[in-house]
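Coordinates as given in work-v4.csv (CSV, C-alpha atoms and all ligand atoms):
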chain,number,residue,atom,x,y,z
A,213,MET,CA,8.2,20.2,5.0
A,214,LEU,CA,6.5,17.3,3.3
A,215,ILE,CA,4.4,16.5,6.4
A,216,LYS,CA,3.3,20.2,6.5
A,217,LEU,CA,2.4,20.1,2.8
A,218,PHE,CA,0.4,16.9,3.3
A,219,PHE,CA,-1.6,18.3,6.2
A,220,SER,CA,-2.3,21.6,4.6
A,221,LEU,CA,-3.6,19.9,1.5
A,222,ILE,CA,-5.8,17.6,3.6
A,223,ILE,CA,-7.3,20.7,5.3
A,224,ILE,CA,-7.9,22.5,2.0
A,225,ILE,CA,-9.6,19.4,0.6
A,226,PHE,CA,-11.6,19.0,3.7
A,227,ILE,CA,-12.8,22.6,3.7
A,228,PHE,CA,-13.8,22.2,0.0
A,229,TYR,CA,-15.6,19.1,0.8
A,230,VAL,CA,-17.6,20.6,3.7
A,231,PHE,CA,-18.4,24.0,2.4
A,232,LEU,CA,-18.3,24.1,-1.4
A,233,GLU,CA,-19.2,20.8,-2.9
A,234,CYS,CA,-20.4,18.5,-0.1
A,235,ASP,CA,-19.5,15.6,-2.2
A,236,PHE,CA,-16.5,13.4,-2.8
A,237,ASP,CA,-17.6,12.8,-6.3
A,238,TYR,CA,-16.2,16.2,-7.3
A,239,LEU,CA,-12.7,14.8,-6.6
A,240,LYS,CA,-13.2,12.8,-9.7
A,241,HIS,CA,-14.8,15.6,-11.7
A,242,PRO,CA,-13.4,18.8,-10.2
A,243,ASN,CA,-14.5,22.1,-11.7
A,244,PRO,CA,-11.9,24.5,-13.0
A,245,PHE,CA,-12.4,26.9,-10.1
A,246,SER,CA,-11.4,24.4,-7.5
A,247,ILE,CA,-8.5,23.2,-9.5
A,248,TRP,CA,-7.1,26.8,-9.6
A,249,ILE,CA,-7.7,27.2,-5.9
A,250,TYR,CA,-5.7,24.0,-5.3
A,251,ILE,CA,-2.9,25.0,-7.5
A,252,ILE,CA,-2.6,28.5,-6.0
A,253,SER,CA,-2.8,27.2,-2.4
A,254,LEU,CA,-0.2,24.5,-3.2
A,255,LEU,CA,2.2,27.1,-4.6
A,256,LEU,CA,1.7,29.4,-1.6
A,257,ILE,CA,2.4,26.5,0.8
A,258,ILE,CA,5.5,25.5,-1.1
A,259,ILE,CA,6.8,29.1,-1.2
A,260,SER,CA,6.1,29.7,2.5
A,261,SER,CA,7.8,26.4,3.4
A,262,PHE,CA,10.9,27.4,1.4
A,263,LEU,CA,11.0,30.8,3.1
A,264,GLU,CA,10.7,29.1,6.5
A,265,GLU,CA,13.6,26.7,5.6
A,266,ILE,CA,15.9,29.7,4.7
A,267,PHE,CA,15.1,31.4,8.0
A,268,LYS,CA,15.7,28.2,9.9
A,269,ASN,CA,19.1,27.7,8.4
A,270,GLN,CA,20.1,31.2,9.5
A,271,LEU,CA,18.8,30.5,13.0
A,272,SER,CA,20.1,27.0,13.3
A,273,LYS,CA,23.6,27.9,14.7
A,274,LYS,CA,22.0,29.9,17.4
A,275,LYS,CA,19.6,27.1,18.1
A,276,LEU,CA,22.3,24.5,18.3
A,277,LYS,CA,24.0,26.4,21.1
A,278,LYS,CA,20.7,26.8,22.8
A,279,PHE,CA,20.0,23.1,22.5
A,280,GLN,CA,23.4,22.2,24.0
A,281,SER,CA,22.8,24.3,27.0
A,282,TYR,CA,19.3,22.9,27.3
A,283,GLU,CA,20.7,19.4,27.2
A,284,LYS,CA,22.7,20.2,30.2
A,285,LYS,CA,19.8,21.2,32.4
A,286,ILE,CA,17.4,18.3,31.7
A,287,LYS,CA,14.6,18.6,34.2
A,288,THR,CA,13.2,15.6,36.1
A,289,ILE,CA,10.2,15.2,38.2
A,290,ASN,CA,11.0,13.9,41.7
A,291,HIS,CA,9.0,11.0,42.6
A,292,GLY,CA,10.9,10.6,45.8
A,293,PHE,CA,9.0,7.7,47.4
A,294,ASP,CA,9.3,5.1,44.6
A,295,GLY,CA,12.7,6.2,43.1
A,296,ILE,CA,11.4,6.2,39.5
A,297,LEU,CA,13.1,8.8,37.3
A,298,GLU,CA,10.6,10.8,35.2
A,299,LEU,CA,11.9,13.3,32.6
A,300,ASP,CA,10.0,16.6,32.5
A,301,ASN,CA,10.5,17.1,28.7
A,302,LYS,CA,8.3,19.4,26.6
A,303,ILE,CA,5.8,17.9,24.3
A,304,PRO,CA,7.3,17.8,20.8
A,305,LYS,CA,6.2,20.6,18.5
A,306,TRP,CA,4.8,18.3,15.8
A,307,TRP,CA,2.6,16.8,18.4
A,308,GLN,CA,1.3,20.1,19.6
A,309,GLN,CA,0.6,21.1,16.0
A,310,LEU,CA,-1.3,17.9,15.4
A,311,PHE,CA,-3.3,18.7,18.4
A,312,SER,CA,-4.2,22.2,17.2
A,313,ILE,CA,-5.1,20.8,13.8
A,314,THR,CA,-7.6,18.4,15.5
A,315,ILE,CA,-9.1,21.4,17.3
A,316,VAL,CA,-9.5,23.4,14.1
A,317,ILE,CA,-11.0,20.4,12.3
A,318,SER,CA,-13.4,19.8,15.2
A,319,ILE,CA,-14.6,23.4,15.0
A,320,ILE,CA,-15.1,23.3,11.3
A,321,TYR,CA,-16.9,20.0,11.6
A,322,PHE,CA,-19.1,21.3,14.4
A,323,CYS,CA,-20.1,24.4,12.5
A,324,SER,CA,-20.7,22.5,9.3
A,325,PHE,CA,-22.7,19.8,11.0
A,326,PHE,CA,-25.1,22.2,12.7
A,327,PHE,CA,-25.2,25.1,10.2
A,328,THR,CA,-24.9,23.4,6.8
A,329,ASN,CA,-26.2,20.3,5.0
A,330,PHE,CA,-23.0,18.4,5.7
A,331,ALA,CA,-23.6,14.9,7.0
A,332,ASN,CA,-27.4,15.5,7.0
A,333,PRO,CA,-28.8,12.1,6.3
A,334,GLN,CA,-31.9,13.3,4.5
A,335,PHE,CA,-29.9,15.6,2.3
A,336,GLU,CA,-27.3,12.9,1.6
A,337,TYR,CA,-30.1,10.4,0.8
A,338,LYS,CA,-31.7,12.9,-1.7
A,339,ARG,CA,-28.4,13.6,-3.4
A,340,ALA,CA,-27.5,9.9,-3.6
A,341,TYR,CA,-31.0,9.2,-5.0
A,342,LYS,CA,-30.7,11.9,-7.6
A,343,ASN,CA,-27.2,10.6,-8.7
A,344,GLN,CA,-28.6,7.1,-8.9
A,345,LEU,CA,-31.4,8.2,-11.1
A,346,LYS,CA,-29.0,10.1,-13.3
A,347,LYS,CA,-26.8,7.0,-13.6
A,348,ILE,CA,-29.7,4.8,-14.5
A,349,LYS,CA,-30.8,7.2,-17.2
A,350,GLU,CA,-27.3,7.3,-18.7
A,351,PHE,CA,-27.1,3.5,-18.5
A,352,GLU,CA,-30.4,3.2,-20.3
A,353,LYS,CA,-29.4,5.6,-23.0
A,354,LYS,CA,-26.3,3.5,-23.7
A,355,GLN,CA,-28.2,0.2,-23.6
A,356,PRO,CA,-29.8,-0.5,-27.0
A,357,GLN,CA,-33.4,-1.6,-26.5
A,358,ALA,CA,-34.9,-4.6,-28.3
A,359,SER,CA,-37.5,-3.8,-31.0
A,360,ILE,CA,-39.8,-5.9,-33.2
A,361,GLU,CA,-37.0,-6.2,-35.8
A,362,THR,CA,-34.4,-7.5,-33.3
A,363,VAL,CA,-36.5,-9.4,-30.8
A,364,LYS,CA,-35.5,-13.1,-30.4
A,365,PHE,CA,-36.2,-15.9,-28.0
A,366,ASP,CA,-33.4,-16.7,-25.5
A,367,LYS,CA,-33.5,-19.1,-22.5
A,368,LYS,CA,-31.7,-16.7,-20.3
A,369,PHE,CA,-34.6,-14.2,-20.5
A,370,ILE,CA,-37.2,-16.7,-19.1
A,371,ASN,CA,-36.6,-16.1,-15.4
A,372,ASP,CA,-36.7,-12.3,-15.7
A,373,GLY,CA,-39.7,-12.6,-18.0
A,374,LYS,CA,-41.6,-14.6,-15.5
A,375,LYS,CA,-41.0,-12.0,-12.8
A,376,LEU,CA,-42.2,-9.2,-15.1
A,377,PHE,CA,-45.2,-11.3,-16.1
A,378,ASN,CA,-46.2,-11.9,-12.5
A,379,GLU,CA,-46.0,-8.1,-11.8
A,380,ASN,CA,-47.7,-6.7,-14.9
A,381,CYS,CA,-49.7,-9.4,-16.7
A,382,ALA,CA,-50.8,-12.1,-14.2
A,383,THR,CA,-53.9,-10.2,-13.0
A,384,CYS,CA,-55.5,-10.5,-16.4
A,385,HIS,CA,-53.8,-13.6,-17.9
A,386,ASN,CA,-53.5,-15.6,-14.7
A,387,ILE,CA,-50.3,-16.5,-13.0
A,388,ASP,CA,-49.7,-19.6,-15.2
A,389,GLY,CA,-50.7,-17.7,-18.4
A,390,GLY,CA,-53.9,-19.9,-18.7
A,391,GLY,CA,-56.1,-16.8,-19.1
A,392,ASN,CA,-58.6,-14.9,-17.0
A,393,ILE,CA,-59.9,-11.5,-18.3
A,394,GLY,CA,-57.3,-11.8,-21.0
A,395,PRO,CA,-57.0,-14.9,-23.3
A,396,ASN,CA,-55.1,-18.1,-22.6
A,397,LEU,CA,-51.5,-17.5,-23.8
A,398,THR,CA,-50.5,-21.2,-23.7
A,399,ASP,CA,-52.7,-22.5,-26.5
A,400,ASP,CA,-52.5,-22.2,-30.3
A,401,TYR,CA,-55.5,-19.8,-30.6
A,402,TRP,CA,-54.7,-16.2,-31.3
A,403,ILE,CA,-57.1,-13.3,-31.6
A,404,ASN,CA,-54.3,-11.1,-32.7
A,405,HIS,CA,-51.9,-12.4,-35.4
A,406,LYS,CA,-50.0,-9.6,-37.0
A,407,GLU,CA,-46.6,-11.2,-37.3
A,408,LYS,CA,-45.4,-14.5,-38.8
A,409,THR,CA,-43.4,-15.8,-35.8
A,410,LEU,CA,-44.7,-16.3,-32.3
A,411,ILE,CA,-42.0,-14.2,-30.6
A,412,LYS,CA,-42.6,-11.3,-32.9
A,413,ASN,CA,-46.4,-11.6,-32.7
A,414,VAL,CA,-46.2,-11.5,-28.9
A,415,PHE,CA,-43.8,-8.6,-29.0
A,416,TYR,CA,-46.1,-6.7,-31.4
A,417,ILE,CA,-49.1,-7.1,-29.1
A,418,ILE,CA,-47.3,-6.1,-25.9
A,419,TRP,CA,-45.8,-3.1,-27.7
A,420,ASN,CA,-49.0,-1.9,-29.5
A,421,GLY,CA,-51.8,-3.4,-27.4
A,422,SER,CA,-54.9,-4.7,-29.0
A,423,LYS,CA,-57.0,-2.6,-31.4
A,424,ASN,CA,-60.1,-4.8,-30.8
A,425,ASN,CA,-60.0,-4.6,-27.0
A,426,LYS,CA,-58.3,-1.6,-25.3
A,427,VAL,CA,-58.2,-3.5,-22.0
A,428,MET,CA,-54.9,-5.0,-23.4
A,429,ARG,CA,-53.1,-1.7,-23.5
A,430,ALA,CA,-50.0,-0.6,-25.4
A,431,PHE,CA,-47.3,-1.3,-22.8
A,432,GLY,CA,-44.4,-0.5,-25.1
A,433,ALA,CA,-45.7,2.4,-27.1
A,434,SER,CA,-46.8,4.2,-24.0
A,435,GLY,CA,-43.4,3.8,-22.5
A,436,GLU,CA,-44.7,1.7,-19.5
A,437,ILE,CA,-42.4,-1.2,-20.3
A,438,LYS,CA,-39.1,-0.8,-22.2
A,439,GLY,CA,-38.1,-2.9,-25.3
A,440,ASN,CA,-35.6,-5.1,-23.4
A,441,ASP,CA,-38.2,-6.0,-20.8
A,442,ILE,CA,-40.8,-6.7,-23.5
A,443,GLN,CA,-38.2,-9.1,-25.1
A,444,LYS,CA,-38.0,-10.9,-21.8
A,445,LEU,CA,-41.8,-11.1,-21.4
A,446,SER,CA,-42.1,-12.4,-25.0
A,447,SER,CA,-39.4,-15.0,-24.3
A,448,TYR,CA,-41.3,-16.1,-21.3
A,449,ILE,CA,-44.6,-16.3,-23.1
A,450,TYR,CA,-42.9,-18.2,-26.0
A,451,PHE,CA,-41.5,-20.6,-23.4
A,452,ILE,CA,-44.9,-21.3,-21.7
A,453,ASN,CA,-46.6,-21.6,-25.0
A,454,LYS,CA,-44.2,-24.2,-26.5
A,455,ASN,CA,-43.8,-26.0,-23.2
A,456,ASN,CA,-45.6,-29.4,-23.0
A,457,ASN,CA,-46.6,-28.9,-19.4
A,458,LYS,CA,-49.8,-26.9,-20.0
A,459,PRO,CA,-51.7,-25.4,-17.1
A,460,LYS,CA,-54.8,-27.4,-16.1
A,461,ASN,CA,-57.7,-24.9,-15.7
A,462,THR,CA,-57.3,-22.7,-18.8
A,463,LYS,CA,-59.8,-20.3,-20.3
A,464,PHE,CA,-61.7,-21.4,-23.4
A,465,PRO,CA,-60.0,-20.9,-26.7
A,466,GLU,CA,-60.4,-17.5,-28.3
A,467,GLY,CA,-59.5,-16.4,-31.9
A,468,ASP,CA,-58.2,-18.5,-34.7
A,469,LYS,CA,-56.2,-21.7,-34.5
A,470,ILE,CA,-52.7,-20.9,-35.9
A,471,ILE,CA,-49.5,-22.6,-35.0
A,472,LEU,CA,-46.9,-19.9,-35.0
A,473,GLU,CA,-43.2,-20.9,-34.8
B,1,LIG,C1,-56.0,-5.3,-17.7
B,1,LIG,C2,-55.9,-6.6,-18.2
B,1,LIG,C3,-54.7,-7.0,-19.0
B,1,LIG,C4,-53.4,-6.9,-18.6
B,1,LIG,C5,-52.9,-6.2,-17.4
B,1,LIG,C6,-52.6,-7.5,-19.7
B,1,LIG,N1,-53.5,-8.0,-20.6
B,1,LIG,FE1,-52.9,-9.0,-22.3
B,1,LIG,N2,-54.7,-9.1,-22.9
B,1,LIG,C7,-55.9,-8.6,-22.2
B,1,LIG,C8,-57.0,-8.8,-23.0
B,1,LIG,C9,-58.5,-8.5,-22.7
B,1,LIG,C10,-56.6,-9.4,-24.3
B,1,LIG,C11,-57.4,-9.7,-25.5
B,1,LIG,C12,-57.3,-8.6,-26.5
B,1,LIG,C13,-58.2,-8.8,-27.7
B,1,LIG,O1,-59.3,-9.2,-27.6
B,1,LIG,O2,-57.7,-8.4,-28.8
B,1,LIG,C14,-55.1,-9.5,-24.2
B,1,LIG,C15,-54.3,-10.0,-25.1
B,1,LIG,C16,-53.0,-10.3,-25.0
B,1,LIG,C17,-52.2,-11.0,-26.0
B,1,LIG,C18,-52.7,-11.6,-27.3
B,1,LIG,C19,-53.5,-12.8,-27.1
B,1,LIG,C20,-54.3,-13.1,-28.4
B,1,LIG,O3,-54.9,-14.2,-28.4
B,1,LIG,O4,-54.3,-12.3,-29.3
B,1,LIG,C21,-51.0,-11.2,-25.4
B,1,LIG,C22,-49.8,-11.9,-26.0
B,1,LIG,C23,-51.0,-10.5,-24.2
B,1,LIG,N3,-52.3,-10.0,-23.9
B,1,LIG,C24,-49.9,-10.4,-23.3
B,1,LIG,C25,-49.9,-9.6,-22.2
B,1,LIG,C26,-48.7,-9.3,-21.4
B,1,LIG,C27,-47.3,-9.8,-21.7
B,1,LIG,C28,-49.1,-8.5,-20.4
B,1,LIG,C29,-48.3,-7.9,-19.4
B,1,LIG,C30,-47.3,-7.0,-19.8
B,1,LIG,C31,-50.5,-8.3,-20.5
B,1,LIG,N4,-51.0,-9.0,-21.6
B,1,LIG,C32,-51.3,-7.6,-19.7
B,1,LIG,C33,-55.9,-8.1,-21.0
B,1,LIG,C34,-54.7,-7.7,-20.3

Represent the structure contained in this file as structure tokens.
Amino acid sequence: MLIKLFFSLIIIIFIFYVFLECDFDYLKHPNPFSIWIYIISLLLIIISSFLEEIFKNQLSKKKLKKFQSYEKKIKTINHGFDGILELDNKIPKWWQQLFSITIVISIIYFCSFFFTNFANPQFEYKRAYKNQLKKIKEFEKKQPQASIETVKFDKKFINDGKKLFNENCATCHNIDGGGNIGPNLTDDYWINHKEKTLIKNVFYIIWNGSKNNKVMRAFGASGEIKGNDIQKLSSYIYFINKNNNKPKNTKFPEGDKIILE
């Protein structure tokens, strides 16, 4: 009975997976409709198994007699020439049932493969992509972003900051920060000095851009770069600015000489 229950449940879940939800994710967050279907089918299976058990008990005495007479006339296949004795027993019932289940599953699988989106790689890719985007959004919502009030220098941000700098800023400020279209970021001359500390000042400019020269755009305010990434960029610029190994070919100084801590 337990085996039957187990297989029936597997088939129900399989059918649900193929035709209704197409996603194993729903096992974690099932909707009320599928929970009710599970409960009702489970009850039906249990009731039918009990009924079967009762009928079986009534039949069992008759069956026992049958079996005893069956035992007497065991069939064998006559090999004759090699003398090997081979019994001609019937295949066990559970084996036959298992076989029929595989046929049923293969038909379901065949139909669902050719007529639904089941196991369609492009569909699966799109679904996985959507789920991934959703998860990223949720993660970002929970993740508090750094702001001009909370920004601080941290060594662990330098490597990530360097990557972000190479991707977003190196075209104008040069790969070593020595300046190109934009000013040298490794010297003590600043065109923009709105904040009292270096890290805050850099954060301020990346967030708001420059009022004098729109070429330096507002990466933070426009939503192009998030607060935490601006904190990493600011940490990297702080690092190359305070570092004693200055780049060799830098742009001429621009702005006022102020040493920001
Ligand atoms: C399209 C070119 C361009 C890009 C890309 C760019 N900048 Fe700038 N940046 C400039 C220019 C031009 C200025 C000078 C603005 C001014 O004159 O006020 C500037 C100024 C700055 C300043 C202030 C320097 C000072 O002396 O006041 C900082 C800090 C800075 N940029 C950081 C960055 C960072 C970090 C990035 C990448 C996220 C970046 N910039 C991307 C062109 C660019």

> segment 392-394 of chain A: which residues within 8 Å, counting only C-alpha atoms, same-chain residues fewer than 4 positions away excluded, as an MDAnalysis selection string?
Replying inline: chainID A and resid 383:386 428 463

Just the selected residues (C-alpha atoms), exported as a PDB file, in the frame of the given file, please.
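Output file result.pdb is given in full below:
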ATOM      1  CA  THR A 383     -53.900 -10.200 -13.000  1.00  0.00           C
ATOM      2  CA  CYS A 384     -55.500 -10.500 -16.400  1.00  0.00           C
ATOM      3  CA  HIS A 385     -53.800 -13.600 -17.900  1.00  0.00           C
ATOM      4  CA  ASN A 386     -53.500 -15.600 -14.700  1.00  0.00           C
ATOM      5  CA  MET A 428     -54.900  -5.000 -23.400  1.00  0.00           C
ATOM      6  CA  LYS A 463     -59.800 -20.300 -20.300  1.00  0.00           C
TER       7      LYS A 463
END

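Residue nearest ligand LIG 1 (chain B), chosen from A:Ile387, A:Leu376, A:Ile470, A:Ile452 and counting only C-alpha atoms and all ligand atoms: A:Leu376.
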
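Checking A:His405, A:Lys342, A:Lys305, A:Lys274 one by one against ligand LIG 1 (chain B), counting only C-alpha atoms and all ligand atoms, you find the shortest gap at A:His405.
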
>> Residues within 9 Å of segment 445-447 of chain A, please, as a PyMOL selection string. Count only C-alpha atoms; anything in the same chain fewer than 4 positions from it doesn't count.
In response: chain A and resi 363-370+372-377+410-415+418+440-441+451-452

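Among A:Leu299, A:Leu472, A:Leu214, A:Ile403, the residue with the shortest atom-to-atom distance to ligand LIG 1 (chain B), counting all atoms listed in the file, is A:Ile403.
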
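Here atom N3 of ligand LIG 1 (chain B) stands at a distance of 18.9 Å from atom CA of Asn371 of chain A.
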
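Ranking A:Ser281, A:Asn380, A:Ser272, A:Asn301 by their shortest atom-to-atom distance to ligand LIG 1 (chain B), with only C-alpha atoms and all ligand atoms included, puts A:Asn380 first.
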
> Which one is closest to Trp419 of chain A: A:Asn455, A:Glu466, A:Ile289, A:Ser359? Count all atoms listed in the file.
Replying inline: A:Ser359

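The smallest atom-to-atom distance between Gln355 of chain A and any of A:Gly467, A:Lys438, A:Tyr448, A:Lys278, using all atoms listed in the file, is found for A:Lys438.
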
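Residues lying within 10 Å of Ser261 of chain A, counting all atoms listed in the file and ignoring same-chain neighbours fewer than 3 positions away, are A:Met213, A:Leu214, A:Lys216, A:Leu217, A:Leu255, A:Leu256, A:Ile257, A:Ile258, A:Glu264, A:Glu265, A:Ile266, A:Phe267.
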
> In Å, with one decimal, what is the gap from atom CA of Lys426 of chain A to atom CA of Pro459 of chain A?
Replying inline: 26.0 Å
